[in-house]
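Written out below as structure tokens is the structure these notes cover.
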Amino acid sequence: MTSAPASRTRQRLRVHTRRVAGDNLLGRLPAPTGALSWVRDGTGLVGWGEAARFEVSGPDRFAAADRWWREFTDDLDVDDELGVPGTGPVAFVSMAFSDRPGHSVLVVPEVVMGRRNGYGWLTTIGDSGKRRVEPVRKPSEVRYSDGQVSVTGYREAVRAAVERMRAGELDKVVLAHDLLAVADIGIDHRFVLEGLARRYPECWVYAVDGLIGATPELLLRRSGSVVDSRVLAGTTWPHDGMSDDELADALMSSGKNRDEHEYAVASLVQTLRPFCDTMSVEGPSVLRLPNVSHLSSDVIGTLSGSPSLLALGEALHPTAAVGGTPRADAIAVIEELEGMDRGRYSGPVGWIDGNGDGELGIALRCAQVDGRTARLFAGCGLVAESDPDSEVHEAHAKMLPFREALEGM
């Protein structure tokens with residue numbers, strides 16, 4: 001574990017939030033790397049600079065991160081003119097998928113700019129100064145190669161998992177694979193983020209410590225006593241000349257996809273219920289994106305206590321939408337068959353403020369970016385009726401958002 005130097009926190013860093021215009025959030029990011037983002041359809045948060053950082057791994061990573069954040073915010077001198085979720089001190093969060101040793105991180109920016117409900121704000125932490133905005137750069141060439149799991153290897157893993165489910169060992173499992181992209185220049189995080197936001201305004205466009213993507217799935221939002229989550233499971237994509245309405249009708253009437261979706265909703269409701277006085281489920285409906293369509297349900301609850309966002313995230317992760325059902329059996333199959341380290345792919349990603357409010361999505365449609373290289377990820381929910389070839393095509397469709405944004409298509 002690491003954090004900001006103790007001398008900085010002992011000096012009681014000053015946090016100041018004031019109203020500003022707050023428009024064009026992604027356009028305010030000054031540098032090609034180090035971007036921090038959680039933006040959907042022009043609203044949300046961006047950040048830059050680093051006032052503090054906390055890294056952790058292992059099965060206790062959520063509790064350790066929550067404890068560090070509480071201690072850090074207790075030692076701040078906060079001047080917040082607005083006092084709404086997302087103002088005051090904020091940390092951008094990205095947690096590893098697995099309990100095994102892996103990199104989870106909280107980054108506290110020196111500067112946060114936010115926008116919600118027509119108003120904007122600027123938060124500064126410590127003695128942050130103005131930074132020159134560097135020009136955004138686009139790569140001229142991007143080359144692709146197999147990642148840790150090839151397409152052939154993924155197809156065989158899916159086939160093996162389907163056999164397990166047909167034998168009754170488990171109900172659902174999510175398997176993923178990766179793809180390497182190498183650009184001719186260092187990848188500009190802002191170029192990718194702006195491309196994702198332009199193509200997928202319905203998604204949360206995020207960046208934390210080099211993990212960049214656009215997720216349609218909200219794991220959890222906490223605002224005071226209210227929590228809500230969006231569950232996506234069951235997928236189709238344009239094929240055979242079918243219209244959008246025909247694809248939506250086929251998705252809603254698909255037994256395989258409805259089963260996959262119901263497993264995911266039931267798992268989340270069962271896990272969240274002990275924290276809530278009341279709960280309701282709205283859905284399923286069809287969420288249409290440019291590359292795929294998903295079955296979508298919204299789960300809304302009223303908290304019975306005051307657990308923080310990270311404590312709730314620990315209870316929910318991994319959901320059936322990214323792990324499987326039963327959870328323990330699915331995780332064991334993933335570790336046996338998937339053949340790669342997911343890192344922070346499909347882990348919780350988002351932000352938390354000093355009151356424990358915030359938003360965590362699931363890190364999907366993403367890549368880990370390092371210099372000229374991006375490692376892209378995609379996964380598919382499998383049930384006993386899944387077809388390996390179809391799942392390979394679905395994973396390819398899920399990688400298209402990042403590929404298009406990276407290439408500037």
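Each chain of the structure tokens is named A, B, ... in the order shown, its residues numbered from 1; ligands are numbered from 1 in display order.
Residues within 8 Å of range 156-163 of chain A, counting only C-alpha atoms and excluding same-chain residues fewer than 5 positions away, are Val173, Leu175, Val333, Leu337, Glu338, Leu382, Val383, Ala384, Glu385, Ser386, Asp387, Pro388 and Glu391 of chain A.
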Preceding selection exported with N, CA and C atoms as a JSON list (two decimals), in the first residue's frame:
[["chain", "number", "residue", "atom", "x", "y", "z"],
["A", 173, "VAL", "N", -21.40, -17.96, -16.33],
["A", 173, "VAL", "CA", -20.04, -17.48, -16.09],
["A", 173, "VAL", "C", -19.69, -16.48, -17.18],
["A", 175, "LEU", "N", -16.60, -14.95, -19.33],
["A", 175, "LEU", "CA", -15.21, -15.11, -19.73],
["A", 175, "LEU", "C", -14.80, -13.96, -20.64],
["A", 333, "VAL", "N", -14.18, -20.96, -12.03],
["A", 333, "VAL", "CA", -14.11, -21.32, -13.45],
["A", 333, "VAL", "C", -13.33, -20.25, -14.23],
["A", 337, "LEU", "N", -10.17, -21.23, -16.49],
["A", 337, "LEU", "CA", -10.31, -21.29, -17.94],
["A", 337, "LEU", "C", -9.88, -20.02, -18.67],
["A", 338, "GLU", "N", -9.94, -18.86, -18.02],
["A", 338, "GLU", "CA", -9.75, -17.62, -18.76],
["A", 338, "GLU", "C", -8.31, -17.44, -19.24],
["A", 382, "LEU", "N", -21.95, -16.15, -20.34],
["A", 382, "LEU", "CA", -22.23, -17.46, -20.93],
["A", 382, "LEU", "C", -23.24, -18.21, -20.08],
["A", 383, "VAL", "N", -24.19, -18.86, -20.75],
["A", 383, "VAL", "CA", -25.10, -19.81, -20.11],
["A", 383, "VAL", "C", -25.04, -21.10, -20.91],
["A", 384, "ALA", "N", -25.80, -22.10, -20.49],
["A", 384, "ALA", "CA", -25.68, -23.42, -21.10],
["A", 384, "ALA", "C", -26.01, -23.41, -22.59],
["A", 385, "GLU", "N", -26.83, -22.44, -23.04],
["A", 385, "GLU", "CA", -27.22, -22.39, -24.45],
["A", 385, "GLU", "C", -26.26, -21.59, -25.31],
["A", 386, "SER", "N", -25.17, -21.06, -24.74],
["A", 386, "SER", "CA", -24.25, -20.20, -25.49],
["A", 386, "SER", "C", -23.53, -20.98, -26.59],
["A", 387, "ASP", "N", -23.27, -20.27, -27.69],
["A", 387, "ASP", "CA", -22.54, -20.83, -28.83],
["A", 387, "ASP", "C", -21.17, -20.17, -28.90],
["A", 388, "PRO", "N", -20.08, -20.95, -28.89],
["A", 388, "PRO", "CA", -18.74, -20.35, -28.86],
["A", 388, "PRO", "C", -18.47, -19.37, -30.00],
["A", 391, "GLU", "N", -20.22, -16.10, -29.35],
["A", 391, "GLU", "CA", -19.60, -15.33, -28.27],
["A", 391, "GLU", "C", -18.32, -14.64, -28.76]]
Excluding Gly305 in chain A and residues on its chain fewer than 4 positions from it, collect all residues at most 9 Å away from it, counting only C-alpha atoms, and give them as a PDB file with N, CA and C atoms, in the first residue's frame.
ATOM      1  N   SER A 225     -29.211   8.786   1.223  1.00  0.00           N
ATOM      2  CA  SER A 225     -29.821   7.505   1.595  1.00  0.00           C
ATOM      3  C   SER A 225     -30.315   6.702   0.401  1.00  0.00           C
ATOM      4  N   PHE A 275     -28.790  -4.104   2.879  1.00  0.00           N
ATOM      5  CA  PHE A 275     -28.408  -2.725   3.169  1.00  0.00           C
ATOM      6  C   PHE A 275     -29.585  -1.759   3.051  1.00  0.00           C
ATOM      7  N   CYS A 276     -30.752  -2.237   2.594  1.00  0.00           N
ATOM      8  CA  CYS A 276     -31.840  -1.336   2.217  1.00  0.00           C
ATOM      9  C   CYS A 276     -33.125  -1.594   2.993  1.00  0.00           C
ATOM     10  N   ASP A 277     -33.886  -0.525   3.251  1.00  0.00           N
ATOM     11  CA  ASP A 277     -35.232  -0.635   3.800  1.00  0.00           C
ATOM     12  C   ASP A 277     -36.238  -0.967   2.708  1.00  0.00           C
TER      13      ASP A 277
END
| From A:Thr302, A:Asn257, A:Asn24, A:Ser267, residue lying nearest Met279 in chain A [only C-alpha atoms] | A:Thr302
Please build the interface table for range 224-333 of chain A against range 67-76 of chain A with a cut-off of 10 Å, listing for each qualifying residue the nearest atom pair and the distance in Å to one decimal; count only C-alpha atoms, order rows by chain and increasing number, and write it as JSON lines.
{"residue": "A:Ser308", "atom": "CA", "partner": "A:Arg70", "partner_atom": "CA", "distance": 9.7}
{"residue": "A:Leu310", "atom": "CA", "partner": "A:Arg67", "partner_atom": "CA", "distance": 9.6}
{"residue": "A:Ala311", "atom": "CA", "partner": "A:Arg67", "partner_atom": "CA", "distance": 9.9}
| task | Fewer than 5 positions away in the same chain doesn't count, so skip those; otherwise give me all residues within 8 Å of Thr373 in chain A, counting only C-alpha atoms, as a VMD selection string. | result | chain A and resid 180 to 183 186 to 187
Can I get the selected residues back with all heavy atoms, as a compact mmCIF listing (two decimals), in the first residue's frame?
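This is the output file part11.txt:
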# COMPACT_ATOMS: atom_id res chain seq x y z
N LEU A 180 -4.00 -6.59 -28.07
CA LEU A 180 -2.99 -5.55 -27.94
C LEU A 180 -3.03 -4.61 -29.14
O LEU A 180 -3.11 -5.05 -30.29
CB LEU A 180 -1.59 -6.15 -27.82
CG LEU A 180 -1.25 -6.87 -26.52
CD1 LEU A 180 0.19 -7.36 -26.57
CD2 LEU A 180 -1.45 -5.96 -25.31
N ALA A 181 -2.98 -3.31 -28.86
CA ALA A 181 -2.90 -2.29 -29.90
C ALA A 181 -1.65 -1.46 -29.65
O ALA A 181 -1.39 -1.04 -28.52
CB ALA A 181 -4.13 -1.40 -29.88
N VAL A 182 -0.88 -1.21 -30.71
CA VAL A 182 0.33 -0.39 -30.61
C VAL A 182 0.23 0.73 -31.63
O VAL A 182 0.09 0.48 -32.84
CB VAL A 182 1.61 -1.22 -30.84
CG1 VAL A 182 2.83 -0.32 -30.73
CG2 VAL A 182 1.69 -2.37 -29.84
N ALA A 183 0.27 1.98 -31.15
CA ALA A 183 0.19 3.14 -32.03
C ALA A 183 1.59 3.63 -32.40
O ALA A 183 2.59 3.24 -31.78
CB ALA A 183 -0.58 4.26 -31.34
N GLY A 186 2.86 8.04 -28.74
CA GLY A 186 2.23 7.86 -27.44
C GLY A 186 0.74 8.18 -27.51
O GLY A 186 0.33 9.19 -28.11
N ILE A 187 -0.09 7.32 -26.94
CA ILE A 187 -1.54 7.48 -27.03
C ILE A 187 -1.98 8.63 -26.14
O ILE A 187 -1.70 8.66 -24.95
CB ILE A 187 -2.25 6.18 -26.64
CG1 ILE A 187 -1.88 5.07 -27.62
CG2 ILE A 187 -3.76 6.38 -26.59
CD1 ILE A 187 -2.33 3.68 -27.20
| What lies within 6 Å of Ala214 in chain A using only C-alpha atoms, ignoring chain neighbours under 3 positions off, as a ChimeraX atom specification? | /A:203-205,365
Requested write-out: C-alpha atoms of the selected residues, as a PDB file, in the first residue's frame:
ATOM      1  CA  CYS A 203     -22.160   5.637 -21.525  1.00  0.00           C
ATOM      2  CA  TRP A 204     -19.969   6.859 -18.672  1.00  0.00           C
ATOM      3  CA  VAL A 205     -16.608   7.766 -20.220  1.00  0.00           C
ATOM      4  CA  ARG A 365     -15.358  -1.391 -23.149  1.00  0.00           C
TER       5      ARG A 365
END
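Distances to Ala330 in chain A were evaluated for A:Arg342, A:Asp171, A:Pro274, A:Leu312 using only C-alpha atoms, and the minimum falls at A:Asp171.
Closest approach to Gly361 in chain A among A:Asp228, A:Asp298, A:Asp99, A:Glu217 is made by A:Glu217 (distances from only C-alpha atoms).
Nearest residue to Glu404 in chain A, choosing from A:Val208, A:Asp259, A:Arg199, A:Pro238 and counting only C-alpha atoms: A:Arg199.
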| said: From the options A:Ala176, A:Val322, A:Val108, A:Val392, which residue's atoms come nearest to Met340 in chain A, counting only C-alpha atoms? | reply: A:Ala176
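Among the candidates A:Leu211, A:Val286, A:Val112, A:Leu360, the one nearest to Ala374 in chain A when counting only C-alpha atoms is A:Leu211.
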| query | DSSP says strand (DSSP E or B) for which residues of range 116-337 of chain A? Put them as a ChimeraX atom specification? | reply | /A:116,119-125,142-146,172-183,204-208,211-215,218-223,226-236,276-288,293-303,324-325
